[in-house]
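What follows is a short report on a single structure.
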Amino acid sequence: MHMEELWLNNTARKSVIRCGDGAFAAYMPLHRGESLFVVTDRNVMYYYQDLLQKTLGPDVPVYVLPAGESTKCMRYLKKILDAMCEAGLKRNSRVIAFGGGVVGDIAGLAASLYMRGINLTQVPTTLLAQVDSSVGGKTAIDYNDVKNLIGAFYQPDEVIVDPMFLQTLPKREVKCGLGEIVKYAAIDAGIFDALANWPEKIFPLDFLSALTMDCIRHKARVVESDERDSGGDRKSLNMGHTTGHAFELYFKGMSHGEFVMIGMYFELYIARALSVCTGPYADELERLIMKAERRIPFLDDARAGAAKAKTDKKNDSSGTISVILPVSKGEWTERKIPVEEYLDMIDKCAQETWPL
Ligand code: ADP
Ligand code: ZN
């Protein structure tokens, strides 16, 4: 059993990431006897109720959300906070966010609000949440139809990443995580090599979960240097996201991770068109994206979809679109592109991808 501990020291609150097969069984019992409050969803509860009760005792209070992004809202935030009050949580109590990104986001926000912030353990159970959302301390709910509009930076003091949970994950959810892993490949040379040198046609789950620690290590380093996302290295984590988010808002129907992968594909086209990323590396990166995505799903009117990028929180007021582009292995750059120029390149890429 290989277990790894990673400490984040430069953040507002000290934070440890405990990762490895058996991490849940090894570290969770350390909290027995503390005042705990678990937030999870129905699917996770279905698979892991017994494990949870065996690990934390039969009387641990659990709030079970219905599954899906629609619970990331004020109504459920209030329900969770009400249940926390009812359970009589104190300043030294601990919230355990046990589930995917949705559970992590809303339970993390609840933990940050209750008595101005109580202890928080994140136990991400999806590949996407393990590689991405559980590290970095971003918590939020959706509001007025805007994703993640109401939220806080709230670093969990502990993250437990156990690949065991991925065994029950539907294939589709594995693919969501793959989208973010491909993003890491484009900003981290080691992850790039691991994926590019993988000899088989598909990426099996155990191969991908062996990469989670590399992704987490990368993200942890970046977050430490830029906890509040103020424009330093943390920007690199937005690769594929400007276009991916815009498409996600416009087309719906696919998951965040899949849209990120499609966003990467379009933004690689832009990087080539601007001569930011060229030659064999660009070809290799394209092969990698195509290996993960096989066929870029047809999007009707990609230009209109990409226009949603105008509303991105990350743009400044200068009328440009900010994109994070690949340069060479492990290297990236930010470009601010005038809206029309950006949309023209998206359009051209779409025409070449799906010729009539
Ligand atoms: P994210 O993809 O952002 O992590 P969710 O929290 O919505 O998003 O999780 C995706 C779906 O996977 C949800 O339906 C959730 O209930 C389910 N799920 C989460 N973890 C597991 C798991 N370990 N096994 C099976 N299903 C899971
Ligand atoms: Zn993302």
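Ligands are numbered from 1 in the order shown, residues from 1 within each chain, and chains are lettered A, B, ... in the order they appear in the structure tokens.
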Long-range neighbours of Asp142 (chain A) as a short mmCIF file (atom, residue, chain, number, x, y, z; two decimals) with all heavy atoms, in the first residue's frame, 12 Å cut-off, only C-alpha atoms, 6 positions minimum in chain:
data_model
loop_
_atom_site.label_atom_id
_atom_site.label_comp_id
_atom_site.auth_asym_id
_atom_site.auth_seq_id
_atom_site.Cartn_x
_atom_site.Cartn_y
_atom_site.Cartn_z
N GLU A 69 -26.12 18.25 -10.13
CA GLU A 69 -25.71 19.65 -9.98
C GLU A 69 -26.84 20.54 -9.48
O GLU A 69 -26.59 21.57 -8.86
CB GLU A 69 -25.16 20.15 -11.34
CG GLU A 69 -24.93 21.64 -11.47
CD GLU A 69 -23.47 22.07 -11.23
OE1 GLU A 69 -22.59 21.18 -11.23
OE2 GLU A 69 -23.24 23.28 -11.05
N SER A 70 -28.11 20.13 -9.71
CA SER A 70 -29.22 21.04 -9.35
C SER A 70 -29.35 21.24 -7.84
O SER A 70 -30.03 22.15 -7.39
CB SER A 70 -30.53 20.49 -9.92
OG SER A 70 -30.81 19.25 -9.31
N THR A 71 -28.67 20.41 -7.05
CA THR A 71 -28.74 20.62 -5.60
C THR A 71 -27.75 21.70 -5.13
O THR A 71 -27.76 22.08 -3.97
CB THR A 71 -28.41 19.34 -4.81
OG1 THR A 71 -27.08 18.96 -5.08
CG2 THR A 71 -29.35 18.21 -5.18
N LYS A 72 -26.89 22.15 -6.06
CA LYS A 72 -25.90 23.16 -5.66
C LYS A 72 -26.57 24.52 -5.63
O LYS A 72 -26.26 25.41 -6.42
CB LYS A 72 -24.76 23.17 -6.68
CG LYS A 72 -23.44 22.70 -6.09
CD LYS A 72 -22.36 22.68 -7.13
CE LYS A 72 -21.87 24.06 -7.51
NZ LYS A 72 -20.65 23.99 -8.35
N CYS A 73 -27.54 24.69 -4.73
CA CYS A 73 -28.32 25.93 -4.73
C CYS A 73 -28.60 26.37 -3.30
O CYS A 73 -28.32 25.67 -2.34
CB CYS A 73 -29.64 25.72 -5.48
SG CYS A 73 -30.70 24.54 -4.63
N MET A 74 -29.14 27.59 -3.20
CA MET A 74 -29.39 28.20 -1.90
C MET A 74 -30.31 27.34 -1.04
O MET A 74 -30.13 27.23 0.17
CB MET A 74 -30.02 29.58 -2.16
CG MET A 74 -29.93 30.55 -1.05
SD MET A 74 -28.24 30.83 -0.50
CE MET A 74 -27.83 32.33 -1.37
N ARG A 75 -31.32 26.74 -1.68
CA ARG A 75 -32.29 25.94 -0.94
C ARG A 75 -31.60 24.81 -0.18
O ARG A 75 -31.85 24.58 1.00
CB ARG A 75 -33.33 25.37 -1.92
CG ARG A 75 -34.56 24.78 -1.26
CD ARG A 75 -35.72 24.71 -2.26
NE ARG A 75 -35.49 23.67 -3.27
CZ ARG A 75 -35.90 22.41 -3.12
NH1 ARG A 75 -36.51 22.03 -2.03
NH2 ARG A 75 -35.67 21.51 -4.07
N TYR A 76 -30.72 24.10 -0.86
CA TYR A 76 -30.05 22.98 -0.20
C TYR A 76 -28.95 23.47 0.74
O TYR A 76 -28.67 22.83 1.75
CB TYR A 76 -29.51 21.97 -1.22
CG TYR A 76 -30.60 21.03 -1.66
CD1 TYR A 76 -31.25 21.19 -2.88
CD2 TYR A 76 -31.01 19.97 -0.84
CE1 TYR A 76 -32.27 20.34 -3.27
CE2 TYR A 76 -32.02 19.12 -1.21
CZ TYR A 76 -32.65 19.31 -2.43
OH TYR A 76 -33.66 18.46 -2.80
N LEU A 77 -28.34 24.59 0.41
CA LEU A 77 -27.36 25.15 1.35
C LEU A 77 -28.04 25.43 2.69
O LEU A 77 -27.53 25.09 3.75
CB LEU A 77 -26.75 26.44 0.78
CG LEU A 77 -25.74 27.13 1.71
CD1 LEU A 77 -24.50 26.26 1.92
CD2 LEU A 77 -25.33 28.50 1.15
N VAL A 102 -19.95 18.21 -6.65
CA VAL A 102 -21.14 18.91 -6.19
C VAL A 102 -21.19 18.92 -4.66
O VAL A 102 -21.36 19.97 -4.03
CB VAL A 102 -22.41 18.25 -6.78
CG1 VAL A 102 -23.66 18.76 -6.09
CG2 VAL A 102 -22.47 18.48 -8.28
N ASP A 105 -18.45 21.13 -3.21
CA ASP A 105 -18.71 22.58 -3.35
C ASP A 105 -19.69 23.08 -2.30
O ASP A 105 -19.44 24.09 -1.63
CB ASP A 105 -19.29 22.87 -4.75
CG ASP A 105 -18.20 23.13 -5.76
OD1 ASP A 105 -17.01 23.16 -5.37
OD2 ASP A 105 -18.53 23.32 -6.94
N ILE A 106 -20.80 22.38 -2.17
CA ILE A 106 -21.85 22.91 -1.28
C ILE A 106 -21.52 22.64 0.19
O ILE A 106 -21.72 23.49 1.05
CB ILE A 106 -23.26 22.39 -1.68
CG1 ILE A 106 -24.35 23.18 -0.95
CG2 ILE A 106 -23.42 20.90 -1.45
CD1 ILE A 106 -25.75 22.95 -1.50
N LEU A 109 -18.86 25.05 1.27
CA LEU A 109 -19.41 26.39 1.53
C LEU A 109 -20.13 26.42 2.88
O LEU A 109 -19.96 27.36 3.66
CB LEU A 109 -20.35 26.81 0.39
CG LEU A 109 -20.94 28.21 0.49
CD1 LEU A 109 -19.85 29.26 0.59
CD2 LEU A 109 -21.83 28.50 -0.72
N ASN A 148 -21.55 28.75 -9.85
CA ASN A 148 -20.58 29.12 -8.82
C ASN A 148 -20.56 30.61 -8.49
O ASN A 148 -19.51 31.17 -8.19
CB ASN A 148 -19.15 28.70 -9.24
CG ASN A 148 -19.06 27.20 -9.46
OD1 ASN A 148 -19.75 26.42 -8.80
ND2 ASN A 148 -18.22 26.78 -10.38
N LEU A 149 -21.72 31.26 -8.57
CA LEU A 149 -21.75 32.71 -8.35
C LEU A 149 -21.53 33.07 -6.88
O LEU A 149 -20.86 34.04 -6.55
CB LEU A 149 -23.08 33.29 -8.83
CG LEU A 149 -23.17 34.82 -8.76
CD1 LEU A 149 -22.21 35.46 -9.76
CD2 LEU A 149 -24.59 35.31 -9.03
N ILE A 150 -22.09 32.27 -5.99
CA ILE A 150 -21.98 32.57 -4.55
C ILE A 150 -21.03 31.54 -3.94
O ILE A 150 -21.32 30.34 -3.96
CB ILE A 150 -23.36 32.45 -3.86
CG1 ILE A 150 -24.40 33.29 -4.57
CG2 ILE A 150 -23.25 32.78 -2.37
CD1 ILE A 150 -24.26 34.77 -4.40
N GLY A 151 -19.91 32.00 -3.41
CA GLY A 151 -18.98 31.03 -2.87
C GLY A 151 -17.88 31.68 -2.05
O GLY A 151 -17.90 32.88 -1.79
#
Which residues are near ligand 2 in this structure, taking near to mean any atom at most 10 Å from a ligand atom and counting only C-alpha atoms and all ligand atoms? Format them as a list in words.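 Here is the list of contacting residues: Leu128, Ala129, Val131, Asp132, Ser133, Cys176, Gly177, Gly179, Glu180, Ile181, Lys183, Leu237, Asn238, Met239, Gly240, His241, Gly244, His245, His256, Gly257, Glu258, Phe259, Val260 and Met261 of chain A.
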Which residues come within 10 Å of Ala194 (chain A), counting only C-alpha atoms, excluding same-chain residues fewer than 6 positions away, as an NGL selection string? :A and (185 or 207-208 or 211)
Mind the document's chain letters and residue numbers, and return as an MDAnalysis selection string the residues of region 119-202 of chain A that DSSP labels strand (DSSP E or B). chainID A and resid 119:124 138:143 146:153 158:161
Find the residues of region 162-250 of chain A that sit at most 10 Å from region 23-34 of chain A; for each, write down the nearest two atoms and how far apart they are in Å, to one decimal. Count only C-alpha atoms. Sort by chain, then by number going up, and give it as JSON lines.
{"residue": "A:Asp162", "atom": "CA", "partner": "A:Ala23", "partner_atom": "CA", "distance": 5.4}
{"residue": "A:Pro163", "atom": "CA", "partner": "A:Ala23", "partner_atom": "CA", "distance": 8.6}
{"residue": "A:Met164", "atom": "CA", "partner": "A:Phe24", "partner_atom": "CA", "distance": 8.7}
{"residue": "A:Phe165", "atom": "CA", "partner": "A:Phe24", "partner_atom": "CA", "distance": 9.3}
If we count only C-alpha atoms and set the cut-off at 8 Å, which residues sit around Met3 (chain A), ignoring sequence neighbours fewer than 3 positions away in its own chain? Please answer as a list of chain:residue names. A:Arg18, A:Cys19, A:Gly20, A:Asp21, A:Ala23
Mind writing the picked residues with C-alpha atoms as an mmCIF file, in the first residue's frame?
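Output contents, as saved in part_19.cif:
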data_model
loop_
_atom_site.group_PDB
_atom_site.id
_atom_site.type_symbol
_atom_site.label_atom_id
_atom_site.label_comp_id
_atom_site.auth_asym_id
_atom_site.auth_seq_id
_atom_site.Cartn_x
_atom_site.Cartn_y
_atom_site.Cartn_z
ATOM 1 C CA ARG A 18 -3.657 12.180 2.150
ATOM 2 C CA CYS A 19 -3.627 10.021 -0.888
ATOM 3 C CA GLY A 20 -3.396 6.320 -1.651
ATOM 4 C CA ASP A 21 -5.201 3.008 -1.747
ATOM 5 C CA ALA A 23 -6.365 6.181 2.701
#
Site check for ligand 1: residues at most 7 Å away, only C-alpha atoms and all ligand atoms, as number ranges by chain: A: 41-44, 47, 67-69, 99-103, 125-129, 165-170, 173, 176
Which one of A:Cys215, A:Met115, A:Leu51, A:Leu299 sits closest to Asp188 (chain A) if you count only C-alpha atoms?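 Checking each of A:Cys215, A:Met115, A:Leu51, A:Leu299 against Asp188 (chain A), counting only C-alpha atoms, the winner is A:Cys215.
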Alpha helix (DSSP H) residues, from DSSP on the backbone, in region 272-338 of chain A, as number ranges by chain: A: 272-273, 279-293, 302-306
